[in-house]
>>> print(open('upload_35.cif').read())   # mmCIF, C-alpha atoms and all ligand atoms
data_entry
loop_
_atom_site.label_atom_id
_atom_site.label_comp_id
_atom_site.auth_asym_id
_atom_site.auth_seq_id
_atom_site.Cartn_x
_atom_site.Cartn_y
_atom_site.Cartn_z
CA MET R 1 0.00 0.00 0.00
CA THR R 2 1.39 3.42 -0.89
CA GLU R 3 1.77 5.74 2.06
CA ALA R 4 -0.15 8.99 2.39
CA PRO R 5 1.71 12.06 1.07
CA VAL R 6 3.54 14.29 3.56
CA ILE R 7 4.58 17.94 3.37
CA THR R 8 7.20 18.84 5.97
CA ILE R 9 7.74 22.38 7.23
CA ASP R 10 10.74 22.73 9.53
CA GLY R 11 12.46 25.75 11.00
CA PRO R 12 13.37 27.62 14.17
CA SER R 13 10.82 29.07 16.58
CA GLY R 14 8.95 32.06 15.21
CA SER R 15 9.76 31.29 11.58
CA GLY R 16 6.03 31.05 10.90
CA LYS R 17 6.08 27.29 10.31
CA GLY R 18 3.24 26.54 12.74
CA THR R 19 0.77 29.04 11.31
CA VAL R 20 1.69 28.19 7.71
CA SER R 21 1.40 24.44 8.36
CA GLN R 22 -1.97 24.72 10.09
CA LYS R 23 -3.42 26.86 7.31
CA LEU R 24 -2.06 24.59 4.61
CA ALA R 25 -3.45 21.47 6.33
CA THR R 26 -6.86 23.11 6.73
CA ASP R 27 -6.98 24.26 3.10
CA LEU R 28 -5.90 20.84 1.80
CA GLY R 29 -8.18 18.97 4.20
CA TRP R 30 -5.11 17.04 5.41
CA HIS R 31 -4.00 16.03 8.91
CA TYR R 32 -1.66 18.29 10.85
CA LEU R 33 1.23 17.33 13.14
CA ASP R 34 2.63 19.94 15.53
CA SER R 35 5.62 17.87 16.67
CA GLY R 36 6.85 20.65 18.96
CA ALA R 37 3.65 20.27 20.99
CA ILE R 38 4.61 16.65 21.69
CA TYR R 39 8.02 17.69 23.07
CA ARG R 40 6.37 20.50 25.02
CA ALA R 41 3.73 18.13 26.46
CA LEU R 42 6.46 15.72 27.54
CA ALA R 43 8.34 18.54 29.30
CA TYR R 44 5.13 19.63 30.96
CA ALA R 45 4.27 16.09 32.08
CA ALA R 46 7.81 15.54 33.42
CA GLU R 47 7.59 18.70 35.48
CA LEU R 48 4.15 17.74 36.73
CA ALA R 49 5.52 14.36 37.82
CA GLY R 50 8.45 16.08 39.54
CA ILE R 51 11.03 14.35 37.33
CA GLU R 52 14.15 16.45 36.93
CA GLY R 53 17.42 16.52 35.03
CA SER R 54 19.59 13.65 33.90
CA ALA R 55 18.86 11.70 37.11
CA GLY R 56 15.30 11.22 35.85
CA LYS R 57 16.30 10.25 32.31
CA GLU R 58 14.93 6.67 32.39
CA GLN R 59 11.69 7.91 33.91
CA ILE R 60 11.36 10.51 31.15
CA VAL R 61 11.92 7.88 28.46
CA SER R 62 9.15 5.75 30.03
CA LEU R 63 6.92 8.81 30.28
CA ALA R 64 7.57 9.57 26.59
CA ARG R 65 6.48 6.04 25.63
CA GLU R 66 3.34 6.14 27.75
CA LEU R 67 2.33 9.79 27.35
CA LYS R 68 -1.49 9.95 27.14
CA LEU R 69 -1.62 12.68 24.56
CA LYS R 70 -4.47 13.64 22.26
CA PHE R 71 -4.93 16.46 19.79
CA SER R 72 -8.42 17.81 19.33
CA PRO R 73 -9.51 20.53 16.91
CA ALA R 74 -9.34 23.95 18.57
CA ASP R 75 -11.61 26.90 17.80
CA ASP R 76 -8.82 28.94 16.25
CA GLY R 77 -7.98 26.26 13.68
CA GLY R 78 -4.98 25.02 15.70
CA ALA R 79 -4.99 21.83 17.68
CA GLY R 80 -6.05 21.57 21.30
CA VAL R 81 -3.57 19.46 23.27
CA LEU R 82 -5.01 17.10 25.86
CA LEU R 83 -2.83 15.35 28.42
CA ALA R 84 -4.75 12.49 30.06
CA GLY R 85 -7.95 14.38 29.18
CA THR R 86 -6.80 17.77 30.56
CA ASP R 87 -6.46 20.65 28.12
CA ILE R 88 -2.85 21.84 28.37
CA SER R 89 -2.83 23.85 25.09
CA ASP R 90 -2.09 27.19 26.74
CA SER R 91 0.14 25.91 29.55
CA ILE R 92 2.67 24.44 27.10
CA ARG R 93 3.00 27.64 25.02
CA THR R 94 5.23 29.55 27.44
CA GLU R 95 8.89 30.09 26.57
CA GLU R 96 9.81 28.27 29.81
CA CYS R 97 8.05 25.13 28.57
CA GLY R 98 9.70 25.60 25.16
CA ALA R 99 13.12 25.75 26.80
CA MET R 100 12.43 22.60 28.87
CA ALA R 101 11.21 20.84 25.72
CA SER R 102 14.34 21.87 23.86
CA LYS R 103 16.55 20.42 26.64
CA LEU R 104 14.72 17.07 26.66
CA ALA R 105 14.71 17.03 22.86
CA ALA R 106 18.52 16.95 22.75
CA ASP R 107 18.49 13.36 24.03
CA GLY R 108 18.52 10.57 21.43
CA GLU R 109 16.64 8.02 23.56
CA ILE R 110 13.88 10.48 24.35
CA ARG R 111 13.57 11.36 20.63
CA ALA R 112 13.45 7.67 19.70
CA ALA R 113 10.64 7.09 22.22
CA LEU R 114 8.55 9.75 20.44
CA LEU R 115 9.33 8.75 16.86
CA GLN R 116 6.55 6.28 16.06
CA ARG R 117 3.95 8.49 17.75
CA GLN R 118 4.81 11.17 15.17
CA ARG R 119 4.85 8.78 12.20
CA ASP R 120 1.38 7.54 13.17
CA PHE R 121 -0.01 10.91 12.08
CA ARG R 122 0.66 9.92 8.47
CA GLN R 123 -2.86 9.02 7.41
CA PRO R 124 -4.84 9.51 4.18
CA PRO R 125 -5.51 11.87 2.53
CA GLY R 126 -2.19 13.41 3.66
CA LEU R 127 -0.21 15.11 6.40
CA VAL R 128 1.39 18.49 6.93
CA ALA R 129 4.07 18.10 9.62
CA ASP R 130 5.90 20.94 11.36
CA GLY R 131 8.97 20.77 13.58
CA ARG R 132 12.76 20.63 13.47
CA ASP R 133 13.51 17.21 11.97
CA MET R 134 10.35 16.39 10.00
CA GLY R 135 12.15 16.42 6.65
CA THR R 136 15.46 14.97 7.86
CA VAL R 137 14.48 12.15 10.26
CA VAL R 138 10.77 11.60 10.85
CA PHE R 139 9.56 11.74 7.23
CA PRO R 140 12.72 11.58 5.06
CA ASP R 141 10.58 10.41 2.10
CA ALA R 142 8.19 13.39 2.31
CA THR R 143 6.66 14.58 -0.95
CA HIS R 144 7.65 18.21 -0.38
CA LYS R 145 10.01 19.71 2.20
CA PHE R 146 10.32 23.30 3.31
CA PHE R 147 12.63 24.99 5.79
CA LEU R 148 11.46 28.42 6.93
CA THR R 149 13.84 30.90 8.53
CA ALA R 150 13.66 34.55 9.64
CA SER R 151 16.03 36.87 11.50
CA ALA R 152 16.12 36.42 15.27
CA GLN R 153 14.72 39.93 15.77
CA VAL R 154 11.71 39.26 13.50
CA ARG R 155 11.11 35.91 15.19
CA ALA R 156 11.19 37.50 18.66
CA GLU R 157 8.65 40.11 17.51
CA ARG R 158 6.37 37.43 16.05
CA ARG R 159 6.57 35.38 19.24
CA TYR R 160 5.79 38.48 21.28
CA LYS R 161 2.60 39.06 19.27
CA GLN R 162 1.62 35.39 19.42
CA LEU R 163 1.99 35.29 23.21
CA LYS R 164 0.15 38.58 23.59
CA GLU R 165 -2.81 37.15 21.66
CA LYS R 166 -2.87 34.33 24.18
CA GLY R 167 -2.88 36.82 27.04
CA ILE R 168 0.78 36.15 27.95
CA ASN R 169 2.90 39.27 28.47
CA ASP R 170 6.63 39.17 27.78
CA SER R 171 9.28 41.56 26.44
CA ILE R 172 10.76 41.44 22.96
CA SER R 173 14.33 41.73 24.26
CA ARG R 174 13.87 38.83 26.71
CA LEU R 175 12.22 36.73 23.99
CA PHE R 176 15.12 37.55 21.64
CA THR R 177 17.55 36.13 24.21
CA VAL R 178 15.61 32.97 25.10
CA ILE R 179 14.72 32.21 21.47
CA SER R 180 18.35 32.64 20.37
CA GLU R 181 19.49 30.31 23.18
CA ARG R 182 16.86 27.72 22.28
CA ASP R 183 17.72 27.80 18.58
CA ALA R 184 21.44 27.46 19.32
CA ARG R 185 20.66 24.38 21.44
CA ASP R 186 18.32 22.87 18.82
CA ALA R 187 20.79 23.50 15.99
CA GLY R 188 23.89 22.46 17.95
CA ARG R 189 22.73 19.07 19.29
CA SER R 190 24.07 15.89 17.70
CA ASN R 191 20.67 14.10 17.64
CA SER R 192 18.43 15.28 14.79
CA PRO R 193 19.65 18.90 14.86
CA LEU R 194 17.66 21.77 13.43
CA THR R 195 18.97 21.83 9.87
CA PRO R 196 17.36 21.86 6.42
CA ALA R 197 17.08 18.50 4.65
CA THR R 198 19.32 18.45 1.58
CA ASP R 199 16.21 18.34 -0.61
CA ALA R 200 14.29 21.07 1.29
CA ILE R 201 13.35 24.45 -0.15
CA VAL R 202 14.78 27.07 2.22
CA LEU R 203 12.77 30.28 2.52
CA ASP R 204 13.67 33.40 4.52
CA THR R 205 10.31 34.80 5.65
CA SER R 206 11.70 37.91 7.45
CA ASP R 207 10.18 40.32 4.94
CA MET R 208 7.18 38.23 3.90
CA SER R 209 3.61 38.33 5.10
CA LEU R 210 1.92 35.14 6.21
CA ASP R 211 -0.22 35.11 3.05
CA GLU R 212 2.90 35.45 0.89
CA VAL R 213 4.56 32.49 2.60
CA ILE R 214 1.43 30.37 2.26
CA GLY R 215 1.16 31.41 -1.40
CA PHE R 216 4.80 30.41 -1.98
CA VAL R 217 4.34 27.00 -0.36
CA LYS R 218 1.08 26.33 -2.20
CA GLN R 219 2.64 27.23 -5.52
CA HIS R 220 5.53 24.82 -4.91
CA VAL R 221 3.34 21.89 -3.90
CA GLY R 222 1.01 22.42 -6.87
CA TYR R 223 -1.85 23.14 -4.48
CA GLN R 224 -4.53 23.09 -7.19
CA SER R 225 -3.63 19.58 -8.26
CA LEU R 226 -3.33 17.98 -4.81
O1 LIG F 1 8.16 24.00 17.69
P1 LIG F 1 8.23 24.32 19.16
O2 LIG F 1 8.84 25.66 19.43
O3 LIG F 1 6.90 24.17 19.81
O4 LIG F 1 9.19 23.20 19.79
C1 LIG F 1 9.59 23.20 21.15
C2 LIG F 1 10.93 22.49 21.28
O5 LIG F 1 10.76 21.10 21.01
C3 LIG F 1 12.03 22.95 20.34
O6 LIG F 1 12.78 24.05 20.85
C4 LIG F 1 12.86 21.74 20.16
C5 LIG F 1 11.91 20.59 20.32
N1 LIG F 1 11.49 20.00 19.04
C6 LIG F 1 12.36 19.11 18.46
O7 LIG F 1 13.45 18.89 18.96
N2 LIG F 1 11.99 18.47 17.32
C7 LIG F 1 10.82 18.72 16.73
N3 LIG F 1 10.50 18.07 15.62
C8 LIG F 1 9.94 19.66 17.30
C9 LIG F 1 10.31 20.30 18.46
#
>>> encode(input="upload_35.cif", output="structure tokens")
Amino acid sequence: MTEAPVITIDGPSGSGKGTVSQKLATDLGWHYLDSGAIYRALAYAAELAGIEGSAGKEQIVSLARELKLKFSPADDGGAGVLLAGTDISDSIRTEECGAMASKLAADGEIRAALLQRQRDFRQPPGLVADGRDMGTVVFPDATHKFFLTASAQVRAERRYKQLKEKGINDSISRLFTVISERDARDAGRSNSPLTPATDAIVLDTSDMSLDEVIGFVKQHVGYQSL
């Protein structure tokens, strides 16, 4: 049986990959995987369980395998994240949770424990997957691969607006620092680092509107014919 088609959209935080991927999935009527939400949910669950640092590594690997995670459609077109039935969508969006997720995500065993869970999202009629290693590791045979970038300043400003919409107040300068640190960690790790797949289309979105980026991606995937 041929597998369902996959479009991967990777990139650093604030590159616009989440919003672009969600919109594309909605317009195509395809499934959507927010892989970052899985890493964030694991970090959240580990904190909730009081598991900390490298001492708790085996416990975190077990937690990753058993994580009772569900995605449900959210009102804003994104996905609501449910951990054992509790809606944690907003709680996992803080930069603190992002930083914890990034630290856990550097570990190869933890990544391996989450791999199949991500691949299971590949269902007909198709999947749009966003993350850091969607095109390189999780779906290396994806039909189309994109890697979105933007300057750190632009990404900090976008994150600021995103958080503000969710009622979370932060400062652009602080976000610039934490986002830069997180990206350096994600790009510098040896396990599935943040890097474009060799066959990915790399797009700098710094000076592009969301509609322009979506238009670019749709044009490249032959949206009308999918
Ligand atoms: O996409 P995000 O900002 O929600 O992701 C949070 C963290 O999770 C990110 O800093 C690194 C990790 N992550 C990862 O290592 N691999 C992915 N495919 C997605 C996220």
>>> atom_distance(input="upload_35.cif", atom1="atom CA of Gln153 of chain R", atom2="atom CA of Arg174 of chain R")
11.0 Å
>>> closest_residue(input="upload_35.cif", among="R:Ala55, R:Ala101, R:Leu210, R:Ile172", to="ligand LIG 1 (chain F)", atoms="only C-alpha atoms and all ligand atoms")
R:Ala101
>>> atom_distance(input="upload_35.cif", atom1="atom CA of Thr94 of chain R", atom2="atom CA of Leu42 of chain R")
13.9 Å
>>> residues_near_ligand(input="upload_35.cif", ligand="ligand LIG 1 (chain F)", cutoff="6 Å", atoms="only C-alpha atoms and all ligand atoms", output="PyMOL selection string")
chain R and resi 13+35-37+39-40+98+101-102+105+131-134+182+186
>>> closest_residue(input="upload_35.cif", among="R:Ser151, R:Thr143, R:Ser62, R:Ser89", to="Ala113 of chain R", atoms="only C-alpha atoms")
R:Ser62
>>> closest_residue(input="upload_35.cif", among="R:Leu226, R:Ile110, R:Cys97, R:Leu175", to="Lys57 of chain R", atoms="only C-alpha atoms")
R:Ile110
>>> decode(input="upload_35.cif", residues="segment 128-175 of chain R", atoms="N, CA and C atoms", output="PDB file, in the first residue's frame")
ATOM      1  N   VAL R 128       0.451  17.375   6.890  1.00  0.00           N
ATOM      2  CA  VAL R 128       1.394  18.494   6.932  1.00  0.00           C
ATOM      3  C   VAL R 128       2.045  18.432   8.310  1.00  0.00           C
ATOM      4  N   ALA R 129       3.379  18.291   8.353  1.00  0.00           N
ATOM      5  CA  ALA R 129       4.075  18.104   9.625  1.00  0.00           C
ATOM      6  C   ALA R 129       5.047  19.235   9.873  1.00  0.00           C
ATOM      7  N   ASP R 130       4.963  19.851  11.061  1.00  0.00           N
ATOM      8  CA  ASP R 130       5.897  20.936  11.362  1.00  0.00           C
ATOM      9  C   ASP R 130       6.775  20.620  12.554  1.00  0.00           C
ATOM     10  N   GLY R 131       8.046  21.040  12.485  1.00  0.00           N
ATOM     11  CA  GLY R 131       8.972  20.765  13.581  1.00  0.00           C
ATOM     12  C   GLY R 131      10.389  21.182  13.268  1.00  0.00           C
ATOM     13  N   ARG R 132      11.340  20.356  13.711  1.00  0.00           N
ATOM     14  CA  ARG R 132      12.763  20.634  13.475  1.00  0.00           C
ATOM     15  C   ARG R 132      13.390  19.573  12.576  1.00  0.00           C
ATOM     16  N   ASP R 133      12.882  18.334  12.687  1.00  0.00           N
ATOM     17  CA  ASP R 133      13.511  17.211  11.970  1.00  0.00           C
ATOM     18  C   ASP R 133      12.489  16.432  11.148  1.00  0.00           C
ATOM     19  N   MET R 134      11.406  17.088  10.755  1.00  0.00           N
ATOM     20  CA  MET R 134      10.355  16.387  10.004  1.00  0.00           C
ATOM     21  C   MET R 134      10.900  15.900   8.652  1.00  0.00           C
ATOM     22  N   GLY R 135      11.644  16.771   7.970  1.00  0.00           N
ATOM     23  CA  GLY R 135      12.155  16.418   6.647  1.00  0.00           C
ATOM     24  C   GLY R 135      13.433  15.589   6.684  1.00  0.00           C
ATOM     25  N   THR R 136      14.179  15.685   7.795  1.00  0.00           N
ATOM     26  CA  THR R 136      15.455  14.966   7.858  1.00  0.00           C
ATOM     27  C   THR R 136      15.320  13.566   8.453  1.00  0.00           C
ATOM     28  N   VAL R 137      14.505  13.412   9.510  1.00  0.00           N
ATOM     29  CA  VAL R 137      14.484  12.151  10.263  1.00  0.00           C
ATOM     30  C   VAL R 137      13.107  11.469  10.294  1.00  0.00           C
ATOM     31  N   VAL R 138      12.077  12.235  10.613  1.00  0.00           N
ATOM     32  CA  VAL R 138      10.769  11.597  10.849  1.00  0.00           C
ATOM     33  C   VAL R 138      10.110  11.174   9.532  1.00  0.00           C
ATOM     34  N   PHE R 139      10.150  12.064   8.529  1.00  0.00           N
ATOM     35  CA  PHE R 139       9.557  11.740   7.231  1.00  0.00           C
ATOM     36  C   PHE R 139      10.568  12.030   6.107  1.00  0.00           C
ATOM     37  N   PRO R 140      11.688  11.279   6.067  1.00  0.00           N
ATOM     38  CA  PRO R 140      12.718  11.583   5.061  1.00  0.00           C
ATOM     39  C   PRO R 140      12.202  11.415   3.628  1.00  0.00           C
ATOM     40  N   ASP R 141      11.118  10.626   3.454  1.00  0.00           N
ATOM     41  CA  ASP R 141      10.578  10.408   2.105  1.00  0.00           C
ATOM     42  C   ASP R 141       9.399  11.336   1.798  1.00  0.00           C
ATOM     43  N   ALA R 142       9.307  12.453   2.521  1.00  0.00           N
ATOM     44  CA  ALA R 142       8.186  13.394   2.313  1.00  0.00           C
ATOM     45  C   ALA R 142       8.120  13.846   0.860  1.00  0.00           C
ATOM     46  N   THR R 143       6.902  14.154   0.428  1.00  0.00           N
ATOM     47  CA  THR R 143       6.660  14.577  -0.951  1.00  0.00           C
ATOM     48  C   THR R 143       7.272  15.952  -1.217  1.00  0.00           C
ATOM     49  N   HIS R 144       7.101  16.860  -0.264  1.00  0.00           N
ATOM     50  CA  HIS R 144       7.653  18.214  -0.385  1.00  0.00           C
ATOM     51  C   HIS R 144       8.220  18.618   0.968  1.00  0.00           C
ATOM     52  N   LYS R 145       9.384  19.266   0.934  1.00  0.00           N
ATOM     53  CA  LYS R 145      10.013  19.706   2.196  1.00  0.00           C
ATOM     54  C   LYS R 145      10.338  21.190   2.129  1.00  0.00           C
ATOM     55  N   PHE R 146      10.011  21.870   3.217  1.00  0.00           N
ATOM     56  CA  PHE R 146      10.325  23.298   3.315  1.00  0.00           C
ATOM     57  C   PHE R 146      11.071  23.548   4.611  1.00  0.00           C
ATOM     58  N   PHE R 147      11.926  24.557   4.582  1.00  0.00           N
ATOM     59  CA  PHE R 147      12.628  24.987   5.792  1.00  0.00           C
ATOM     60  C   PHE R 147      12.490  26.497   5.846  1.00  0.00           C
ATOM     61  N   LEU R 148      11.706  26.980   6.821  1.00  0.00           N
ATOM     62  CA  LEU R 148      11.460  28.419   6.934  1.00  0.00           C
ATOM     63  C   LEU R 148      12.418  29.039   7.951  1.00  0.00           C
ATOM     64  N   THR R 149      12.978  30.183   7.590  1.00  0.00           N
ATOM     65  CA  THR R 149      13.836  30.903   8.528  1.00  0.00           C
ATOM     66  C   THR R 149      13.335  32.340   8.620  1.00  0.00           C
ATOM     67  N   ALA R 150      13.895  33.107   9.535  1.00  0.00           N
ATOM     68  CA  ALA R 150      13.663  34.554   9.639  1.00  0.00           C
ATOM     69  C   ALA R 150      14.707  35.055  10.623  1.00  0.00           C
ATOM     70  N   SER R 151      15.009  36.334  10.584  1.00  0.00           N
ATOM     71  CA  SER R 151      16.025  36.872  11.502  1.00  0.00           C
ATOM     72  C   SER R 151      15.538  36.695  12.937  1.00  0.00           C
ATOM     73  N   ALA R 152      16.484  36.629  13.868  1.00  0.00           N
ATOM     74  CA  ALA R 152      16.117  36.415  15.275  1.00  0.00           C
ATOM     75  C   ALA R 152      15.243  37.561  15.784  1.00  0.00           C
ATOM     76  N   GLN R 153      15.507  38.786  15.321  1.00  0.00           N
ATOM     77  CA  GLN R 153      14.721  39.933  15.767  1.00  0.00           C
ATOM     78  C   GLN R 153      13.254  39.779  15.319  1.00  0.00           C
ATOM     79  N   VAL R 154      13.070  39.439  14.040  1.00  0.00           N
ATOM     80  CA  VAL R 154      11.713  39.261  13.498  1.00  0.00           C
ATOM     81  C   VAL R 154      11.010  38.121  14.234  1.00  0.00           C
ATOM     82  N   ARG R 155      11.730  37.055  14.519  1.00  0.00           N
ATOM     83  CA  ARG R 155      11.114  35.907  15.188  1.00  0.00           C
ATOM     84  C   ARG R 155      10.700  36.257  16.619  1.00  0.00           C
ATOM     85  N   ALA R 156      11.533  37.063  17.291  1.00  0.00           N
ATOM     86  CA  ALA R 156      11.193  37.497  18.657  1.00  0.00           C
ATOM     87  C   ALA R 156       9.933  38.364  18.628  1.00  0.00           C
ATOM     88  N   GLU R 157       9.839  39.234  17.616  1.00  0.00           N
ATOM     89  CA  GLU R 157       8.651  40.106  17.515  1.00  0.00           C
ATOM     90  C   GLU R 157       7.392  39.286  17.232  1.00  0.00           C
ATOM     91  N   ARG R 158       7.538  38.291  16.365  1.00  0.00           N
ATOM     92  CA  ARG R 158       6.372  37.434  16.054  1.00  0.00           C
ATOM     93  C   ARG R 158       5.924  36.674  17.301  1.00  0.00           C
ATOM     94  N   ARG R 159       6.894  36.139  18.040  1.00  0.00           N
ATOM     95  CA  ARG R 159       6.567  35.376  19.244  1.00  0.00           C
ATOM     96  C   ARG R 159       5.873  36.276  20.262  1.00  0.00           C
ATOM     97  N   TYR R 160       6.370  37.496  20.359  1.00  0.00           N
ATOM     98  CA  TYR R 160       5.786  38.480  21.284  1.00  0.00           C
ATOM     99  C   TYR R 160       4.298  38.665  20.973  1.00  0.00           C
ATOM    100  N   LYS R 161       3.997  38.850  19.679  1.00  0.00           N
ATOM    101  CA  LYS R 161       2.596  39.058  19.268  1.00  0.00           C
ATOM    102  C   LYS R 161       1.751  37.817  19.544  1.00  0.00           C
ATOM    103  N   GLN R 162       2.330  36.664  19.207  1.00  0.00           N
ATOM    104  CA  GLN R 162       1.620  35.388  19.422  1.00  0.00           C
ATOM    105  C   GLN R 162       1.250  35.214  20.891  1.00  0.00           C
ATOM    106  N   LEU R 163       2.226  35.457  21.770  1.00  0.00           N
ATOM    107  CA  LEU R 163       1.991  35.286  23.208  1.00  0.00           C
ATOM    108  C   LEU R 163       0.964  36.301  23.692  1.00  0.00           C
ATOM    109  N   LYS R 164       1.076  37.513  23.179  1.00  0.00           N
ATOM    110  CA  LYS R 164       0.149  38.581  23.591  1.00  0.00           C
ATOM    111  C   LYS R 164      -1.291  38.187  23.263  1.00  0.00           C
ATOM    112  N   GLU R 165      -1.467  37.604  22.057  1.00  0.00           N
ATOM    113  CA  GLU R 165      -2.811  37.152  21.662  1.00  0.00           C
ATOM    114  C   GLU R 165      -3.361  36.102  22.625  1.00  0.00           C
ATOM    115  N   LYS R 166      -2.449  35.361  23.230  1.00  0.00           N
ATOM    116  CA  LYS R 166      -2.872  34.331  24.177  1.00  0.00           C
ATOM    117  C   LYS R 166      -2.950  34.884  25.596  1.00  0.00           C
ATOM    118  N   GLY R 167      -2.772  36.197  25.720  1.00  0.00           N
ATOM    119  CA  GLY R 167      -2.875  36.822  27.038  1.00  0.00           C
ATOM    120  C   GLY R 167      -1.610  36.700  27.863  1.00  0.00           C
ATOM    121  N   ILE R 168      -0.484  36.282  27.213  1.00  0.00           N
ATOM    122  CA  ILE R 168       0.780  36.148  27.947  1.00  0.00           C
ATOM    123  C   ILE R 168       1.653  37.367  27.629  1.00  0.00           C
ATOM    124  N   ASN R 169       2.081  38.078  28.688  1.00  0.00           N
ATOM    125  CA  ASN R 169       2.898  39.273  28.474  1.00  0.00           C
ATOM    126  C   ASN R 169       4.377  38.983  28.656  1.00  0.00           C
ATOM    127  N   ASP R 170       5.186  39.399  27.694  1.00  0.00           N
ATOM    128  CA  ASP R 170       6.627  39.170  27.776  1.00  0.00           C
ATOM    129  C   ASP R 170       7.302  40.371  27.133  1.00  0.00           C
ATOM    130  N   SER R 171       8.629  40.439  27.132  1.00  0.00           N
ATOM    131  CA  SER R 171       9.279  41.562  26.444  1.00  0.00           C
ATOM    132  C   SER R 171      10.035  41.029  25.234  1.00  0.00           C
ATOM    133  N   ILE R 172      10.107  41.874  24.190  1.00  0.00           N
ATOM    134  CA  ILE R 172      10.759  41.435  22.955  1.00  0.00           C
ATOM    135  C   ILE R 172      12.237  41.121  23.214  1.00  0.00           C
ATOM    136  N   SER R 173      12.892  41.948  24.038  1.00  0.00           N
ATOM    137  CA  SER R 173      14.325  41.726  24.263  1.00  0.00           C
ATOM    138  C   SER R 173      14.568  40.411  25.013  1.00  0.00           C
ATOM    139  N   ARG R 174      13.694  40.100  25.990  1.00  0.00           N
ATOM    140  CA  ARG R 174      13.866  38.829  26.708  1.00  0.00           C
ATOM    141  C   ARG R 174      13.608  37.655  25.760  1.00  0.00           C
ATOM    142  N   LEU R 175      12.551  37.813  24.927  1.00  0.00           N
ATOM    143  CA  LEU R 175      12.223  36.735  23.986  1.00  0.00           C
ATOM    144  C   LEU R 175      13.364  36.528  22.992  1.00  0.00           C
TER     145      LEU R 175
END
